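A.B. asks: Sharing a structure here in structure tokens format.
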Amino acid sequence: MTGERETLKIVVTGHVDHGKSTVIGRLLFDTGSLTEGAVERVREIAREKGQRFEFAYLLDAFEEERKQGITIDTTRLQFKTEKRDYLIIDAPGHKEFLKNMISGASDAECAFLVVDAGRGVEEQSRRHAHMLALLGIPRAGVLVNKMDLADYREEVFLRIREESKAYLESLEIKAGPFVPLSALMGENILTPSAKMPWFTGHTLVDALDSIEKIEAGGSLRFPVQDVYKFDERRIIAGRLESGTISEGDEILLSPGGKITFVHSLESFLPKDKKKSASAPESIGITVADEFYNERGEIISSPADPPIITDRFQCSLFWMGKRPLAPGRKYKLKIATVSEEAAVEEILRLVDSDTLETVSGANEVKVNEVADALVRLRRPVALDLFSTHRATGRFVLVDGYDVSGGGIVTRAESMALVKRGFVKGELSARSDVFEEYYLSFGTRDVSRKSAGGLLYRVGDRVPLTGDSYSYPENFDVVVFRDGVAVLIREGRVYEILPLGDYEYSGLPVVNGSGYAVSCRSQKEWIHARDAFLAKGRRNEAELAQRYLDFNAYRRIAFPQADFVV
Amino acid sequence: MLNHLQTLEAQSVYILREAYRNLGKLGLLWSIGKDSTVLLWLARKAFFGHCPIPFIHVDTGYKIPEMISYRDQVASDLGLDMIVHQNKEALAAGMGPDKGRLVCCKALKTDALNAMTKEYGFDGLIVGVRRDEEGSRSKERVFSERNQDDEWDHTHQQPELWGQFKTDFPRGHHIRVHPLLEWNELDVWRYIEYEEIPVIDLYFAKNGERYRSLGCAPCTGRIKSEAKNVSDIVTELLTTKTAERSGRAQDREDAYAMQKLRRDGYM
Ligand SMILES: Nc1nc2c(ncn2[C@@H]2O[C@H](COP(=O)(O)OP(=O)(O)OP(=O)(O)O)[C@@H](O)[C@H]2O)c(=O)[nH]1
């Protein structure tokens, strides 16, 4: 497409009346980004209503906003410099409208904190900065505005610079650049201000341009948004939140735990047809195996799965009129999951003013921030916010209203594997000890699960069943989970990552108990690499070449008490 | 990395799919203009060539005649499920712009739309409004609630963050879904150019004039222009300083005309 220019999303925050809207209005005005009518209309309205012209009116479009001279709701405007395009987000500073500030700031890449030179850092300056930290916004510049009211004195600027820098850094937000300006007078907006010859840093526009865009990273996360069956295709639709997905990729669907392959990337027009897509594209895929999928599952690579849990620790902010209380039921929405949730415990409240923490709180009131433990009705797939942003942040709905938001700070996967082997973080799905029976009636083969058996290091395993018999010493290699299990003298001796496994000459079986044909280290490497290689189309070929069903298994007639 | 238009497209597709999945009865307001043409295109992208959402046209009876014939042509070409709604009572009683522009807009657009929403029991209406069009739209949410009387409580909007939209609301309320909110006029034309989307030719200059925005014949003016095709329009917009809706009379009636109309349910 045309115009490969970069766009940066910047939110302008700060205490009420410190001049956020005026800064943006002035910036748009001075850079000639406004339409002809816009300024005239604001002049006209000001005249009509007997008010003085305010640059802020260019953004504060509601009658209520202009009457009261404050921003009520957030808006966003586009403007460009030679370097790139910007989306500038205006946020209200009044405490009552914090939820609107959060709405505006939530998807910003960078923030500017506007501080009134005469007043310095105030309560909402700190609260906004705290919110930025919770929203995961890594950097904030500081605009020391209304320098005209401070006679353009350097020490005023320096004092506010130190004050704001210290606070931002205590929140682990990278602070800077720092710019003294007067939005009203247009000082240091486009060109260096003659009134502040002591200042040799950036003008406002240069400060914007100096910020480096950070590309969102992270491994593949593709939350299932919906499944469509409009025609013969069964399409899993959604937005890639991070990473890349390609035809032929092996993928894991969590929390279900199914593994399959990407068969195709679908599109409406032939020109959009492709074999690979990356975040933040909205795509649709078809998969090799048709099983039931549902909204809320997360697609990832099997090697790098999300966490599956019904309990996590988080930092959250509350926007609801009714305070958040432990035990009360909420709807939690994280990526495309929606699940009933309750706060188990409020660990501590964090005071936005001082960043001091208070423990023992029994509710979180509007505009308050807390660390808490959340429990869900059922396990879902999610991530830590620090590794995957989009699948690590959530909102809480109280009744009809989105009333809180938060980020997952600690969570551990529950044991996922129902049958197989586990050791700490390592787990391998396996049905080595399952029976294969031949049905008398249908002559189909069916499997009988030993019923959710998990084996850990030291456990004795059933070496012999109706339809299988393994030696005392052998190795199980579960390729799809990348795990090897050593069975010695009929017990689980060790469970280790496949990468650490060394062929020892003992028999090797795969996760289903089929012998992997290999008689030497060299043959083992060959077989292993063939199984680890991507693509499923050659599955039959692989099985023919490397697997032997009959080595330790046979198909048995069922026992009398087992009805197939 | 996706470029600007691809990013906008991806986000709009995401919004359309969220609406389709989360809102019960859903309709797409289709005004024949460039924005709703882009919406229709995005819907077909979102649903892989299908359009599982009915298209609604609120026909004031005063539309520029070419718009109506074009509408019927596209609907039949694409086999769209289309609902045309009119405030027949008001029209029969002689409603028209001569009764006052805002009175007329309210009766033939707002009231017609609200009656249709009730009649069909819509939970969600997809509308192609954009922030850059005018002030009250600049403050909108992507999923914007309307109460049982179709009113917009614009000074108490719900938080909207991280793509988690408002999908819980009492029965009788509905959601206006705005997939194009973050697009601007130039984005729309650049996208039309890039995707080669057919648009009604009223936008192209004839005898040195063209429509920049389409509406009712009596209240929509042409602008001076030599732009004969989409790429001319893109070029023209890159240099113009006039506002897009400057040809739309209802916007100029009073300082907060649009805010008032929209508070009562106007799109
Ligand atoms: N003297 C002086 N006044 C300014 C300057 N910038 C803004 N103001 C005035 O400060 C007042 C508040 O400005 P706004 O831009 O509305 O403040 P805001 O931070 O956007 O306010 P909220 O969004 O309501 O929090 C207005 O009356 C402005 O004219 C400046 O540089 N110098």
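Starting from 1 in every chain, residues are counted up; chains themselves are A, B, ... following the order of the structure tokens, and ligands are numbered from 1 as listed.
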Please extract the residues at most 7 Å from ligand 1, counting only C-alpha atoms and all ligand atoms, and provide them as a VMD selection string, using the chain letters and residue numbers of this document.

C.D. replies: chain A and resid 14 to 23 54 56 69 to 72 91 to 94 145 to 149 181 to 185

A.B. asks: Write out as a ChimeraX atom specification all residues of range 61-187 of chain B that backbone DSSP assigns to strand (DSSP E).

C.D. replies: /B:82-85,124-126,143-146,174-177

A.B. asks: Using only C-alpha atoms, determine which residues lie at most 10 Å from Met116 in chain B, disregarding the query and same-chain residues fewer than 3 positions distant; provide the list as a CSV table (one decimal) with N, CA, C and O atoms, in the first residue's frame.

C.D. replies:
```csv
chain,number,residue,atom,x,y,z
B,56,ILE,N,-29.1,-1.9,6.2
B,56,ILE,CA,-30.3,-1.1,6.4
B,56,ILE,C,-30.0,0.3,5.7
B,56,ILE,O,-29.0,0.9,5.9
B,58,VAL,N,-31.8,4.0,5.7
B,58,VAL,CA,-32.9,4.9,6.1
B,58,VAL,C,-33.0,5.9,5.0
B,58,VAL,O,-32.2,6.7,4.8
B,83,ILE,N,-32.7,-3.9,4.2
B,83,ILE,CA,-33.9,-3.4,4.8
B,83,ILE,C,-34.0,-1.9,4.4
B,83,ILE,O,-33.0,-1.2,4.7
B,84,VAL,N,-35.0,-1.4,3.8
B,84,VAL,CA,-35.2,0.0,3.5
B,84,VAL,C,-36.3,0.5,4.4
B,84,VAL,O,-37.3,0.0,4.5
B,85,HIS,N,-35.9,1.6,5.2
B,85,HIS,CA,-36.9,2.1,6.1
B,85,HIS,C,-37.1,3.6,5.9
B,85,HIS,O,-36.2,4.4,5.6
B,86,GLN,N,-38.4,4.0,6.0
B,86,GLN,CA,-38.8,5.4,5.8
B,86,GLN,C,-39.8,5.8,6.8
B,86,GLN,O,-40.6,5.0,7.3
B,87,ASN,N,-39.7,7.1,7.2
B,87,ASN,CA,-40.7,7.6,8.1
B,87,ASN,C,-41.9,8.1,7.2
B,87,ASN,O,-42.0,9.3,6.9
B,110,THR,N,-33.4,10.6,12.3
B,110,THR,CA,-33.3,10.1,13.7
B,110,THR,C,-34.5,9.3,14.0
B,110,THR,O,-34.4,8.1,14.4
B,111,ASP,N,-35.7,9.9,13.8
B,111,ASP,CA,-36.9,9.2,14.2
B,111,ASP,C,-37.1,7.9,13.4
B,111,ASP,O,-37.5,6.9,13.9
B,112,ALA,N,-36.8,8.0,12.1
B,112,ALA,CA,-37.0,6.8,11.2
B,112,ALA,C,-36.0,5.7,11.7
B,112,ALA,O,-36.4,4.5,11.8
B,113,LEU,N,-34.8,6.1,12.0
B,113,LEU,CA,-33.8,5.1,12.5
B,113,LEU,C,-34.2,4.5,13.8
B,113,LEU,O,-34.2,3.3,13.9
B,119,GLU,N,-38.5,-1.6,15.8
B,119,GLU,CA,-39.4,-2.5,15.0
B,119,GLU,C,-38.7,-3.9,14.8
B,119,GLU,O,-39.3,-4.9,15.0
B,120,TYR,N,-37.4,-3.8,14.5
B,120,TYR,CA,-36.6,-5.0,14.2
B,120,TYR,C,-36.0,-5.6,15.5
B,120,TYR,O,-35.4,-6.7,15.5
B,121,GLY,N,-36.0,-4.8,16.6
B,121,GLY,CA,-35.3,-5.2,17.8
B,121,GLY,C,-33.8,-5.4,17.7
B,121,GLY,O,-33.3,-6.4,18.2
B,122,PHE,N,-33.2,-4.4,17.1
B,122,PHE,CA,-31.7,-4.5,16.9
B,122,PHE,C,-31.0,-4.3,18.2
B,122,PHE,O,-31.3,-3.4,19.0
```

A.B. asks: I need the residues in range 192-266 of chain B that are alpha helix (DSSP H) according to DSSP; give them as a PyMOL selection string.

C.D. replies: chain B and resi 192-195+230-239+257-263

A.B. asks: Output N, CA and C atoms for every residue in the selection just made, as a CSV table (one decimal), in the first residue's frame.

C.D. replies:
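Output below, filename part11.csv:
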```
chain,number,residue,atom,x,y,z
B,192,ILE,N,-9.9,3.1,-0.8
B,192,ILE,CA,-10.7,2.8,-2.0
B,192,ILE,C,-9.8,2.7,-3.2
B,193,GLU,N,-8.8,3.5,-3.2
B,193,GLU,CA,-7.8,3.5,-4.3
B,193,GLU,C,-7.0,2.2,-4.3
B,194,TYR,N,-6.5,1.9,-3.2
B,194,TYR,CA,-5.6,0.7,-3.1
B,194,TYR,C,-6.4,-0.6,-3.3
B,195,GLU,N,-7.6,-0.7,-2.8
B,195,GLU,CA,-8.4,-1.9,-2.9
B,195,GLU,C,-9.2,-1.9,-4.2
B,230,VAL,N,-10.6,8.5,-8.5
B,230,VAL,CA,-10.2,8.3,-7.1
B,230,VAL,C,-8.8,8.9,-6.8
B,231,SER,N,-7.9,8.7,-7.7
B,231,SER,CA,-6.6,9.2,-7.4
B,231,SER,C,-6.5,10.7,-7.5
B,232,ASP,N,-7.4,11.3,-8.3
B,232,ASP,CA,-7.5,12.8,-8.3
B,232,ASP,C,-8.0,13.3,-6.9
B,233,ILE,N,-9.0,12.5,-6.4
B,233,ILE,CA,-9.5,12.9,-5.1
B,233,ILE,C,-8.5,12.9,-4.0
B,234,VAL,N,-7.7,11.8,-4.0
B,234,VAL,CA,-6.6,11.7,-3.0
B,234,VAL,C,-5.7,12.9,-3.1
B,235,THR,N,-5.3,13.2,-4.3
B,235,THR,CA,-4.4,14.4,-4.6
B,235,THR,C,-5.1,15.6,-4.1
B,236,GLU,N,-6.4,15.8,-4.4
B,236,GLU,CA,-7.1,17.0,-4.0
B,236,GLU,C,-7.1,17.1,-2.5
B,237,LEU,N,-7.4,16.0,-1.8
B,237,LEU,CA,-7.5,16.0,-0.3
B,237,LEU,C,-6.1,16.3,0.4
B,238,LEU,N,-5.1,16.0,-0.3
B,238,LEU,CA,-3.7,16.2,0.3
B,238,LEU,C,-3.5,17.7,0.4
B,239,THR,N,-4.2,18.5,-0.4
B,239,THR,CA,-3.9,19.9,-0.4
B,239,THR,C,-5.0,20.8,0.2
B,257,ALA,N,-25.4,21.8,16.8
B,257,ALA,CA,-26.4,21.1,16.2
B,257,ALA,C,-26.2,19.6,16.1
B,258,MET,N,-25.0,19.2,15.7
B,258,MET,CA,-24.7,17.7,15.6
B,258,MET,C,-24.8,17.0,16.9
B,259,GLN,N,-24.2,17.7,17.9
B,259,GLN,CA,-24.2,17.1,19.3
B,259,GLN,C,-25.7,16.8,19.7
B,260,LYS,N,-26.6,17.8,19.4
B,260,LYS,CA,-28.0,17.6,19.8
B,260,LYS,C,-28.6,16.5,19.0
B,261,LEU,N,-28.4,16.6,17.7
B,261,LEU,CA,-29.0,15.5,16.8
B,261,LEU,C,-28.5,14.1,17.3
B,262,ARG,N,-27.2,14.0,17.6
B,262,ARG,CA,-26.7,12.7,17.9
B,262,ARG,C,-27.1,12.3,19.3
B,263,ARG,N,-27.3,13.2,20.2
B,263,ARG,CA,-27.7,12.8,21.5
B,263,ARG,C,-29.1,12.1,21.4
```

A.B. asks: If you count only C-alpha atoms, which residues fall within 12 Å of His50 in chain B, apart from same-chain ones fewer than 3 positions away, as a PyMOL selection string?

C.D. replies: (chain A and resi 228-231+267-269) or (chain B and resi 40-47+53-54+78-81)
